[in-house]
Structures are given as C-alpha cells and as structure tokens.
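Visitor: Take a look at this one; I'll ask things after.
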Amino acid sequence: MLTTQLLYALSGCVIVALGLRSALLHSSLLQRVLAINVMGSGVFMILLAVAYRGAEVAPDPVPHALVLTGIVVAVSATALALALARRLAAEQDDD
Amino acid sequence: MTDVLIILVSLPLAGALLCLLLPRAATVVALITAVITALASGSLLYAVSTQGTLLYELGGWTAGLGIALRADGLSALLLVMVALVILATSFYASAYFSKSAARAHFWPLWLLLWTALNALLLSGDLFNLYVTLELLGLSAVALASLGGKIAAVQAALRYLLVGLLGSMLFLAGVSLIYAGYGSLDLAVLSRTVEPEPIAWLALSLMTAGLLLKTALFPLHFWLPPAHASAPAPVSAALSALVVKAAFYLVLRLWMDVFADVVTPAAADLLAALGATAVLWGSWRALRAQRLKVLAAYSTVAQLGYLFLFFPLLQALPPGPALDAATGGLIMLALSHGFAKAGLFLAIGVIQQRSGNDSIAELDGTAQRLPVTTFAIALAGVALIGLPPSGAFLGKWQLIAGSFATGQWLWIVVTVIGSLLAAAYTFRILGHAFGSQLYPSRAFAVAREEWPALILTATAAVVLGLAGASVWTLLEAGA
Amino acid sequence: MNLENSLPLLVVLSSLLPGLVIFFLREGSHRLRTVLNLAGAVIKLALVVLLIWGVFHEHSYETRWTLAPGLDLVLHADTLSVLFVTLSTVLWLVTTVYAIGYLETSPHRSRFFGFFSLCVSATVGLALAGNLFTFVIFYELLTLATYPLIAHRGTPEAVRGARIYLAYTLAGGALLMVGTVWLHVIAGPTAFVEGGILNQMPIEYHPQLKAIFLLLIVGLGVKAALVPLHGWLPAAMVAPAPVSALLHAVAVVKAGAFGIVRVVYDVFGVNFVDQLGLLSLLGIAAAITIVYGSIKALSQDNLKKRLAYSTVSQVSYIALGTAILGPLGTIGGVVHLVHQGIMKITLFFTAGNYAETLGIHKVSEMNGVGRRMPGTTLAFSIAALGMIGVPPMAGFVSKWYLGLGALDAGMAWWVMPVLITSSLLNAAYFLPILHRAWFRPQGPEWPAEHIPAARFETSAALLWPPLLTAALALAAGLFAAAPYSPLEWASLIALKEYGL
C-alpha cells in the first residue's frame with residue numbers, strides 16, 4: 001500500500017539515483033556540483049520520510065536535525081567547490 | 001578523567017580560531033596548541049590503558065538523544081598516532097612555510113583538520129561521524145589546494161567532488177539505519193542490528209562511500225594527483241592520516257557495529273580489492289618518475305594490505321589468534337602512518353633543496369643530504385615490512401592469520417607486494433651511492449630534517465621494539 | 001638485569017653502539033673512528049671469552065624481549081652459537097684492522113665503518129638467536145646492513161651488483177619468513193633445542209613440515225649460495241676487498257650455512273629430517289653445488305671471481321656435513337664453518353693486497369708476484385693448500401671428518417667421489433696460481449703500482465692480517481686435538497646434538 005511516507009521515501013531514492021547518474025556521467029564541473037546537491041536533496045527527502053510518525057503525532061525531531069545539519073554541510077561544500085572552480089577558471093583564462 | 005575526550009576536540013578547534021584571529025602569531029599559537037594536544041592524547045592513552053573504554057556524554061544527555069564520545073584502545077592508539085604525526089609535521093611546516101604567504105591560511109586549516117580527525121576517532125554516534133567526515137574532507141581539500149598551482153587546484157577539486165559523493169552515500173546509509181533501528185549510537189546499534197536487507201543495504205552504501213574516501217582500488221583514482229601536488233606537510237597528513245581515518249570507520253563498522261551482518265563473501269570481496277590495490281599500487285609506484293607520485297601510489301598499495309585482514313578477522317574465532325591478528329592490523333596501520341608521513345617530509349626537504357622531486361635527477365641531492373636519505377631508507381624498511389619495523393610484526397600476523405584460516409592467496413599477495421615495495425624503495429636508495437665526494441659535516445642535520453627522521457625512526461624501530469604494548473593496549477581498552 | 005640476562009645483548013651492543021656513533025663522525029676524524037672501531041672489537045672479544053667460559057661450564061645466558069603475543073626476541077648462548085660468535089668476533093677484529101689500511105684514502109669512511117659495525121652486530125645477533133623468529137629478524141637486518149657496503153664505491157657496477165644482491169637475498173628472506181610463520185602456526189614458537197622438537201608432531205602434519213623444510217632451506221640457501229641460488233655472489237664481488245672478505249668468510253654466506261645447520265639440528269632434528277626423506281635431498285644439493293662451484297672457478301681469470309666460485313663450492317661442505325647422518329659428519333660440517341672462514345678470509349685479504357699494492361686483478365697478471373710480495377703470497381699459499389685439503393692445514397681436518405662420517409653413515413659411495421673430485425678441482429684452480437706466483441719470472445711491470453716496495457712489501461695494516469689468519473689456519477689444523485680448538489668445540493656440539 002502506497003502510504004505518504006513510502007511515496008516520499010521512494011521519491012527520495014529516485015532523486016538520489018538521478019543525482020548519482022548525473023554526477024557519474026557528466027564531465028562538466030558545474031553539472032557535477034549540481035548533481036551532488038540533487039543527491040543530497042534526495043537523501044534529505046528520505047530522512048523527512050523517516051521522520052513521519054503518523055498524522056496525529058509530532059514528527060521525530062532527530063531526522064529533522066540531521067537534515068538541517070546536512071543542508072549546512074552541503075552549502076559549505078558547494079561554496080568551496082565553486083570557489084575552487086572559479087580559481088581554476090581564472091588560471092585557465094590567464095593561459 | 002573523561003573530560004580529556006572533549007578537550008581533545010575543542011583544543012585544536014580553539015587553536016584554529018586563535019590562528020584566524022592572530023595571523024601574525026599563527027605559527028607560535030599553532031605549535032603551542034600542537035604540543036598541548038599531543039600531551040592530552042598521551043594522557044588519553046594512559047587513561048584507556050588503566051581504565052578501559054572511556055565514555056563522555058555531551059551536555060549530560062544520554063545516548064539516544066544525546067551525542068556520545070567514546071574512546072577504546074583502538075581509537076586511543078590512532079589518536080596518539082595522529083597527534084605525534086601532526087606534531088612532527090607542524091614543526092616541519094613551520095620551516096616549510098616560513099617564507100610563504102600561505103602561512104596565514106595554512107595553520108587554521110591545519111588545526112581544523114586535527115579537530116576533525118580527533119572528533120572522528122572519538123565519535124560514538126553515526127551522524128556525528130558524518131559531520132566529522134565532512135569537516136575532514138573540506139579541510140583536507142582546502143589544504144591540498146594551498147599549493148596554488150593549477151595541477152593542485154584541479155586535483156583538489158576532483159578530491160572534493162569524490163569526497164562529497166562518498167559522504168552522500170554514507171549519509172544515505174545512515175538514514176536507512178535510523179529508519180530501520182531508530183538509533184544512531186554505535187554501541188546501541190551493535191546490539192540491535194540484525195542480518196536483514198535494510199542492514200545490508202545500509203552497510204553497502206556506507207562502505208561504498210567510505211571506500212571512496214579511503215581510496216581502495218578501483219576507487220583510488222583521485223589519490224595520486226591530489227597527494228602528489230599538495231605541499232609536503234599536507235601530503236604527509238593526507239596519506240598518513242586522512243585516508244587512515246576513513247579506513248578506521250570501515251573497520252569500526254564491519255568489526256564492531258555490523259559484526260553480525262558481515263558475511264565471509266563480503267569480507268573476501270574487500271580483501272580481493274585490497275589485493276589488487278597492493279599489486280597495482282606497488283607496480284605503479286615502481287614506474288613513477290616523481291618521488292611524490294611514488295609515495296602516493298605506495299599509499300594505495302599499503303592501504304590494500306589493511307583490507308587483506310578482513311577475511312581473517314571474519315574467519316578466526318574469538319581468542320588469542322583473533323587478538324593477535326587484530327593487533328597486527330593496527331600495527332600495520334600505525335607503522336604506515338608514521339612511515340608515510342616521514343617519507344613525504346623527507347621528499348619535501350629534497351624538493352626544496354633541488355627544486356623538483358624527479359627520481360632520475362636525485363643523485364647529487366640525495367648524497368648531499370645523508371640524514372634525509374637515511375630517513376627515506378627507514379621509511380622504506382617500514383613500507384617493505386622488514387624487521388625491526390612495526391610493519392614486520394603486522395605482516396607476520398597477516399601471514400599467520402592466513403595460514404591459520406587456510407586462505408593462502410593473501411600470503412602470495414603479501415610477499416609479491418613486499419618485494420615490489422623493496423624494488424621501488426631501493427630504486428630511490430640506489431641514487432644515494434655515487435663516486436663523487438661531497439663535503440659533509442658532522443651533525444649536518446638541518447632543522448627541517450629532524451621531523452622526517454623521527455617519524456620514520458618511530459615506524460622502523462620504535463614500533464617494532466615496543467610493539468608488545470600495542471597488543472596490551474588493545475586488550476586493556478576493549 | 002644480571003649477567004645471565006644481559007651478556008648476549010651486550011655482545012650485540014658492543015659493535016652496534018660504536019657503529020651508530022661512527023655514522024655521525026666527520027670524514028677527517030680518523031683517529032676517533034679507529035679508536036671506536038677497535039675498542040668495540042676488543043670489548044666484544046672480551047665478552048665472547050666470558051661467554052665461551054660460561055657455556056663450557058654449562059651456564060645459561062639468555063636475553064628475552066617480547067615483541068608481540070607469542071613472538072619473543074631471544075638471544076641465547078649455546079655451544080653452536082658460541083662457535084659462530086667467536087669466529088665472527090675474531091675475524092671482525094682482524095678485518096677492521098685490514099679495512100682501516102685498505103680504505104686509507106677512500107671517501108665515505110664514516111658511512112662504511114658505520115654499516116660495517118651494523119653488519120657485525122647483525123651477524124652476532126643471528127649467531128646468538130635462540131629461536132627461528134629471532135633468527136629471521138637478524139637475517140633480514142644482515143641484508144640491510146650489507147647492501148650499503150656492496151654499493152659503497154658508488155660506481156654503476158657497484159649499485160647494480162648491490163641491487164642483484166638485494167633481489168636474491170630479499171626474495172630468500174621472504175621465503176624464510178613465510179616458512180617460519182607457517183611453522184609457528186602449526187607448531188608454536190620454535191625455540192632452538194638440541195635434537196629438535198618437531199619429531200613429536202603428529203603424522204598428519206608431515207606433508208606440511210616437508211613443505212616448510214623446503215621453504216626454509218631455499219630461503220637460507222640463497223645466502224648460503226646453494227646452486228642455483230648463488231647468482232648474487234659473483235655480482236657482489238664489486239665490493240671493496242674487506243667487504244668481500246667479511247661477506248664470504250664470516251657474515252652473509254656463513255649466516256645461510258649456519259641457518260641450515262640450525263634448522264636441521266635444532267628445529268627439526270637430524271633424525272626426523274632423515275625420516276621425512278629430505279636429508280638426502282639436502283646432500284644432493286650440496287654435492288651439486290660443491291662440484292659446480294669448483295668447475296666454474298676453473299674458468300675465471302679475475303682473481304676475486306675465482307675465489308667467489310670457490311666460496312660457493314666450499315660453503316656447501318657445511319651443508320654436506322649436515323646431510324651426513326651421524327656425529328662424525330656433523331663434526332666435519334660444523335668445524336668447516338670455522339676452518340673455511342679462516343682460510344677464505346686469508347685468500348680475500350691477499351687478493352685485496354694484490355689489487356691495492358700492484359693493481360693486480362687477474363690471475364694472468366700474477367707472474368712472479370711471490371718475489372715482490374713474499375709475505376702475502378705465503379699467506380695465500382697456506383690458505384690455498386688448506387682449501388685443497390693438504391695436511392696439516394685446517395681444510396684437511398674438515399674433509400677427513402666428512403669422509404669418516406660418510407663411511408660411518410653408509411653414504412661413502414657418493415660422498416667420497418664428491419670429496420675427491422672437489423679436492424682435485426681445487427688443486428686444479430689453486431696450484432697453477434701458486435706456480436705462477438713463485439716460479440714464473442716477473443712480468444715487465446705491474447698493472448698499477450700504488451704502494452712502492454719499502455721495508456715491507458706493502459703497508460702494515462694490509463700485511464699483518466692475512467699473515468695472522470694464515471697462521472690461525474695452520475694452527476687450527478696442527479693443534480686440532482688441543483682443548484678449545486675449533487675441532488674440540490665441534491665435537492662438543494655434535495655430542496649435544498646426538499644426545500651422547
């Protein structure tokens with residue numbers, strides 16, 4: 001039976017798979033960074049699905065904490081990746 | 001006494017922040033922090049050896065909702081290795097970066113790296129491990145790109161993307177574990193995890209992510225460029241410590257938390273990949289034209305040895321044989337950590353004196369730097385696994401375990417790998433003998449040559465002779 | 001920490017510590033280096049005398065240090081180790097004097113003497129090893145310490161020769177280690193016990209024990225230069241003469257032969273090896289090596305190469321003695337360990353003298369050298385006659401016992417022909433040299449006269465060591481029946497091994 005929770009979890013898995021495929025196949029730097037971010041979103045979605053404990057009960061706070069932390073980490077990592085990419089582009093422009 | 005656990009994480013962090021705030025005094029602050037943290041690590045080791053496993057709960061919240069820091073014999077030993085390697089490399093780095101503008105960026109990142117390593121080794125909680133893995137990866141990437149050259153930036157970017165991919169897979173596994181068992185604490189999980197599909201899937205995802213980070217064949221492609229282009233102290237830390245931390249996680253998950261889930265076939269798969277890593281890495285090291293590339297491929301090979309232990313640990317029944325094999329694995333990891341760090345530092349000295357690290361042009365430089373060449377020789381002894389190094393004892397246990405469980409293939413791989421390591425070591429050392437006479441002074445040991453010598457001497461001699469204490473510590477802290 | 005615990009360790013340290021200090025000395029600190037070298041050698045000799053006395057009176061000396069669970073580093077003095085330790089110590093002292101003279105003006109002397117001392121420490125540690133684990137450790141340390149000595153001159157040939165040496169010895173060491181680990185896994189820690197301990201093992205282990213024996217012997221056979229594992233030896237001749245002397249007489253080759261003796265007698269037990277059917281295999285390998293080495297020596301014009309192949313041949317007498325069941329064969333093999341050492345070192349010293357003084361490297365250049373360098377050539381002649389087995393030289397005593405042992409064990413039908421053939425071949429490649437040196441007229445001029453004829457034919461440090469060792473070779477033969485002679489000591493060893 002396809003409950004809401006299962007739907008979200010499966011969608012999360014699909015997003016992860018799509019992100020993974022894109023990260024492995026595409027060689028463009030920006031696309032790879034975006035793909036990894038998409039993967040991250042997919043994992044967060046799975047976590048949100050895990051947090052659902054029913055319509056009446058409040059959701060489990062632990063996975064929510066994990067998602068928030070994960071978002072912060074993903075943002076910092078993306079920032080570093082983009083900074084390095086910009087540096088690389090600058091060096092290549094100089095040639 | 002358990003406060004030392006939180007001190008070990010917060011002290012380098014505080015030092016990093018201080019270095020950011022006081023860029024002029026960064027070197028001094030960093031060195032002082034390094035010494036104090038190293039002493040704290042030593043006291044942790046002592047505490048674990050006398051009191052067994054130590055537990056510290058952050059904020060007083062118990063496991064389940066809270067985050068726990070846990071130190072047993074294994075983490076204490078690795079922590080001390082991290083501390084000693086970083087201490088020695090810090091002294092080297094203070095000379096390496098003395099004239100460089102990168103100094104202000106280096107020290108904060110360096111201490112952050114240390115914070116991440118300590119936190120990772122002490123974490124008792126899966127999500128905490130994820131966070132520390134990310135912190136470790138980000139600081140390692142930033143340090144690797146400090147070289148400034150285009151090759152370094154490219155390699156660092158590839159390292160970052162690979163690392164992020166690995167972390168995502170790891171996080172996916174963590175979420176599955178939480179979905180299945182409702183807890184993230186390692187001790188709780190080791191009691192509740194069952195051999196069922198969700199555990200298999202979670203372990204596979206986490207392992208895949210970690211294998212990317214520990215550069216096991218065939219996921220090792222990012223390591224040689226990254227380690228070879230980074231500045232020497234950074235390469236030392238990357239090869240000796242960062243990949244070792246990811247390996248520690250694989251070990252922890254497979255042997256501790258998921259011990260019931262792991263099957264002999266899975267362990268065999270890991271070992272088969274490890275065997276390929278040993279042979280492939282050693283072969284590529286033999287063909288390398290640059291010293292740093294040689295050392296990087298050597299790391300790929302040496303990590304392969306560590307994975308050869310998995311089927312043995314799986315198959316041996318609990319008892320003296322299993323303890324001996326486990327100690328052998330740790331001894332091999334420790335020996336490699338010290339030896340590889342010392343090797344990279346020695347290569348750094350050579351690179352700075354002669355401007356490059358090409359092996360073919362090594363003759364004059366190697367002969368003018370007898371102490372550094374001797375350090376390389378000691379590192380080689382530890383990498384090959386010749387006595388009296390700790391690696392000799394480690395490989396002995398590997399071979400003994402293989403005989404005891406009837407798994408002969410690993411013996412052949414170990415012997416061939418060791419002989420290949422001898423080939424590439426003595427390829428370098430052959431350049432130390434020439435017919436020209438260079439003036440030499442007694443005690444011509446420059447300040448930057450000492451760290452390499454001390455690190456490699458530890459791997460090649462101290463660990464071997466004092467080795468019995470490793471086994472005692474592992475048992476005491478069990 | 002009393003004398004019983006520390007004496008074996010002190011014997012090793014007496015050359016290790018001076019060696020480590022010597023590494024840091026400036027090239028010009030000639031006097032300090034000489035003092036350290038000789039002081040270490042003399043102290044070691046004094047400690048060894050103490051050891052001899054103690055072991056003779058049944059005292060037990062053992063140093064034990066745990067390296068890992070079940071793996072103890074043990075230095076233990078028994079009759080066999082005392083034999084090898086004494087040989088190493090005495091010959092080291094003589095070689096040090098010789099080396100100081102030989103390398104007078106060479107570069108990198110501190111590095112040389114540093115590794116020289118490490119090499120002797122490793123040899124002595126190997127001699128005193130009390131179990132197979134310790135033996136393996138010092139065996140590998142010996143390889144590491146000798147590599148820089150072979151590569152010392154730094155020429156491409158030297159580096160190449162050293163690399164070949166390493167390829168062989170590291171591979172052999174790996175096989176030795178694998179065999180030892182295997183033995184540990186099925187039989188536990190293997191201490192050296194006279195008469196061996198493995199005959200107690202149940203019969204289902206016998207196939208494994210056979211495989212282990214083969215692994216061990218092949219691993220040891222590389223250093224002991226058993227054919228076809230001997231390829232490194234001629235290539236290693238690029239080393240300076242003191243190194244060749246040490247390698248061939250005392251350290252590397254003897255270590256391999258000593259290891260074979262230990263494995264057969266003190267690990268497996270000679271009767272058990274015979275039971276497994278492997279003793280005759282060892283004997284055949286030894287016999288092939290003896291004959292092959294002598295045949296190859298005939299065709300060598302380079303003096304050191306000829307001596308190298310002679311070593312290949314002669315060291316296998318020790319293995320042959322081990323393969324002859326019975327105390328007499330054992331005595332012959334074990335005593336040849338000492339006799340061959342003294343005679344071969346004399347030959348290498350004299351070869352070094354010829355090269356250093358007159359630039360002679362080939363046999364064909366040796367015409368009439370007896371007139372120009374009578375002392376050196378006298379020493380050469382004594383040693384050569386000993387190699388052939390002419391009484392009353394030491395070599396004769398060894399061969400006598402080997403022959404008697406073969407008769408005793410019923411193996412005379414193939415051992416005697418080997419002994420006789422070998423002696424004839426020895427004569428064939430040594431006597432012509434003697435004839436050239438003494439009876440041919442001198443050539444127009446020597447290849448390169450580095451040291452002109454003064455009061456003595458060459459420098460004192462080069463002349464006296466070979467004369468001394470030649471005298472020892474003569475004495476070992478003449479006074480073989482005296483107490484404390486090598487022969488008496490070998491008989492004591494044989495008595496203990498056979499439990500008589």
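In the structure tokens, each chain is lettered A, B, ... as it comes, each chain's residues begin at 1, and ligands are numbered from 1 in order of appearance.
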Pull out every residue of chain A that has at least one atom within 6 Å of chain B, counting only C-alpha atoms, and report them as a list in words.
Guide: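 Only these qualify: Val43, Leu47 and Val50 of chain A.
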Visitor: Could you list, as an MDAnalysis selection string, the residues of chain C having an atom within 6 Å of chain B when counting only C-alpha atoms?
Guide: chainID C and resid 24:26 67:68 137 154:155 181
Visitor: With only C-alpha atoms as the atoms that count, which of A:Ala85, A:Val67, A:Ile46, A:Cys13 lies nearest to Ser28 (chain A)?
Guide: A:Ala85
Visitor: Could you write out, as a ChimeraX atom specification, all the residues of region 107-330 of chain C that DSSP marks as alpha helix (DSSP H)?
Guide: /C:109-127,132-150,156-187,206-223,232-235,241-249,252-262,270-275,279-298,303-323,327-330
Visitor: List the spatial neighbours of region 14-17 of chain C as a ChimeraX atom specification - criterion: any atom at most 7 Å away, only C-alpha atoms, same-chain residues fewer than 6 positions off excluded.
Guide: /C:40-41,43-44,117-118,120-121
Visitor: Save the residues we just selected, C-alpha atoms, as a PDB file, in the first residue's frame?
Guide:
```pdb
ATOM      1  CA  GLY C  40      84.279  -2.150  20.163  1.00  0.00           C
ATOM      2  CA  ALA C  41      86.073  -5.141  18.694  1.00  0.00           C
ATOM      3  CA  ILE C  43      85.295  -5.351  24.172  1.00  0.00           C
ATOM      4  CA  LYS C  44      83.318  -7.795  22.094  1.00  0.00           C
ATOM      5  CA  SER C 117      79.684  -2.370  12.591  1.00  0.00           C
ATOM      6  CA  LEU C 118      75.972  -2.848  11.955  1.00  0.00           C
ATOM      7  CA  VAL C 120      78.792  -7.492  12.517  1.00  0.00           C
ATOM      8  CA  SER C 121      76.088  -6.723  15.085  1.00  0.00           C
TER       9      SER C 121
END
```
Visitor: What is the distance, in Å and to one decimal place, between CA of Glu448 (chain B) and CA of Ala95 (chain B)?
Guide: 6.3 Å
Visitor: So the first atom is CA of Leu75 (chain C) and the second is CA of Leu10 (chain C); what is the distance between them in Å, to one decimal place?
Guide: 10.4 Å
Visitor: Would you tabulate, counting only C-alpha atoms, all residues of region 154-200 of chain C that have an atom at most 9 Å from an atom of region 138-145 of chain C, showing the closest pair of atoms and their distance in Å to one decimal, sorted by chain then ascending number, as JSON lines?
Guide:
```
{"residue": "C:Tyr165", "atom": "CA", "partner": "C:Thr143", "partner_atom": "CA", "distance": 8.7}
{"residue": "C:Leu166", "atom": "CA", "partner": "C:Thr143", "partner_atom": "CA", "distance": 7.3}
{"residue": "C:Thr169", "atom": "CA", "partner": "C:Thr143", "partner_atom": "CA", "distance": 6.8}
{"residue": "C:Leu170", "atom": "CA", "partner": "C:Thr143", "partner_atom": "CA", "distance": 7.5}
{"residue": "C:Gly173", "atom": "CA", "partner": "C:Glu140", "partner_atom": "CA", "distance": 6.4}
```
Visitor: Name the residues in contact with Ile347 (chain B) at a cut-off of 12 Å, using only C-alpha atoms, excluding same-chain residues fewer than 3 positions from it; report them as JSON, numbers by chain.
Guide: {"B": [92, 228, 231, 232, 233, 235, 236, 290, 291, 292, 293, 294, 295, 296, 340, 341, 342, 343, 344, 350, 351, 352, 353, 354, 355, 356, 357, 358, 359, 362, 365, 366, 369, 372, 373, 374, 375, 376, 377, 379, 428, 448, 449, 451, 452, 453]}
Visitor: I'd like the interatomic distance between CA of Ile330 (chain B) and CA of Phe135 (chain C), to a tenth of an Å.
Guide: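 If I compute the distance from CA of Ile330 (chain B) to CA of Phe135 (chain C), I get 24.6 Å.
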Visitor: Please provide as an MDAnalysis selection string all residues within 10 Å of region 54-60 of chain A, with the sequence filter that same-chain residues fewer than 6 positions apart are discarded (counting only C-alpha atoms).
Guide: (chainID A and resid 4:5 48) or (chainID B and resid 182)
Visitor: Write out as a short mmCIF file (atom, residue, chain, number, x, y, z; two decimals) with C-alpha atoms, in the first residue's frame which residues come within 9 Å of Leu18 (chain A) when counting only C-alpha atoms, dropping same-chain ones fewer than 5 positions away.
Guide:
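This went into out_29.cif:
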```cif
data_model
loop_
_atom_site.label_atom_id
_atom_site.label_comp_id
_atom_site.auth_asym_id
_atom_site.auth_seq_id
_atom_site.Cartn_x
_atom_site.Cartn_y
_atom_site.Cartn_z
CA CYS A 13 15.56 7.24 -3.63
CA ALA A 23 27.35 13.02 -11.18
CA ALA A 35 24.18 16.70 -9.33
CA VAL A 38 20.50 16.97 -6.01
CA MET A 39 21.70 13.72 -4.45
#
```
Visitor: Find the residues around Ala49 (chain A) up to 8 Å (only C-alpha atoms counted), leave out those fewer than 4 positions away in its own chain, and share them as a PyMOL selection string.
Guide: chain A and resi 5-6+8-9+45
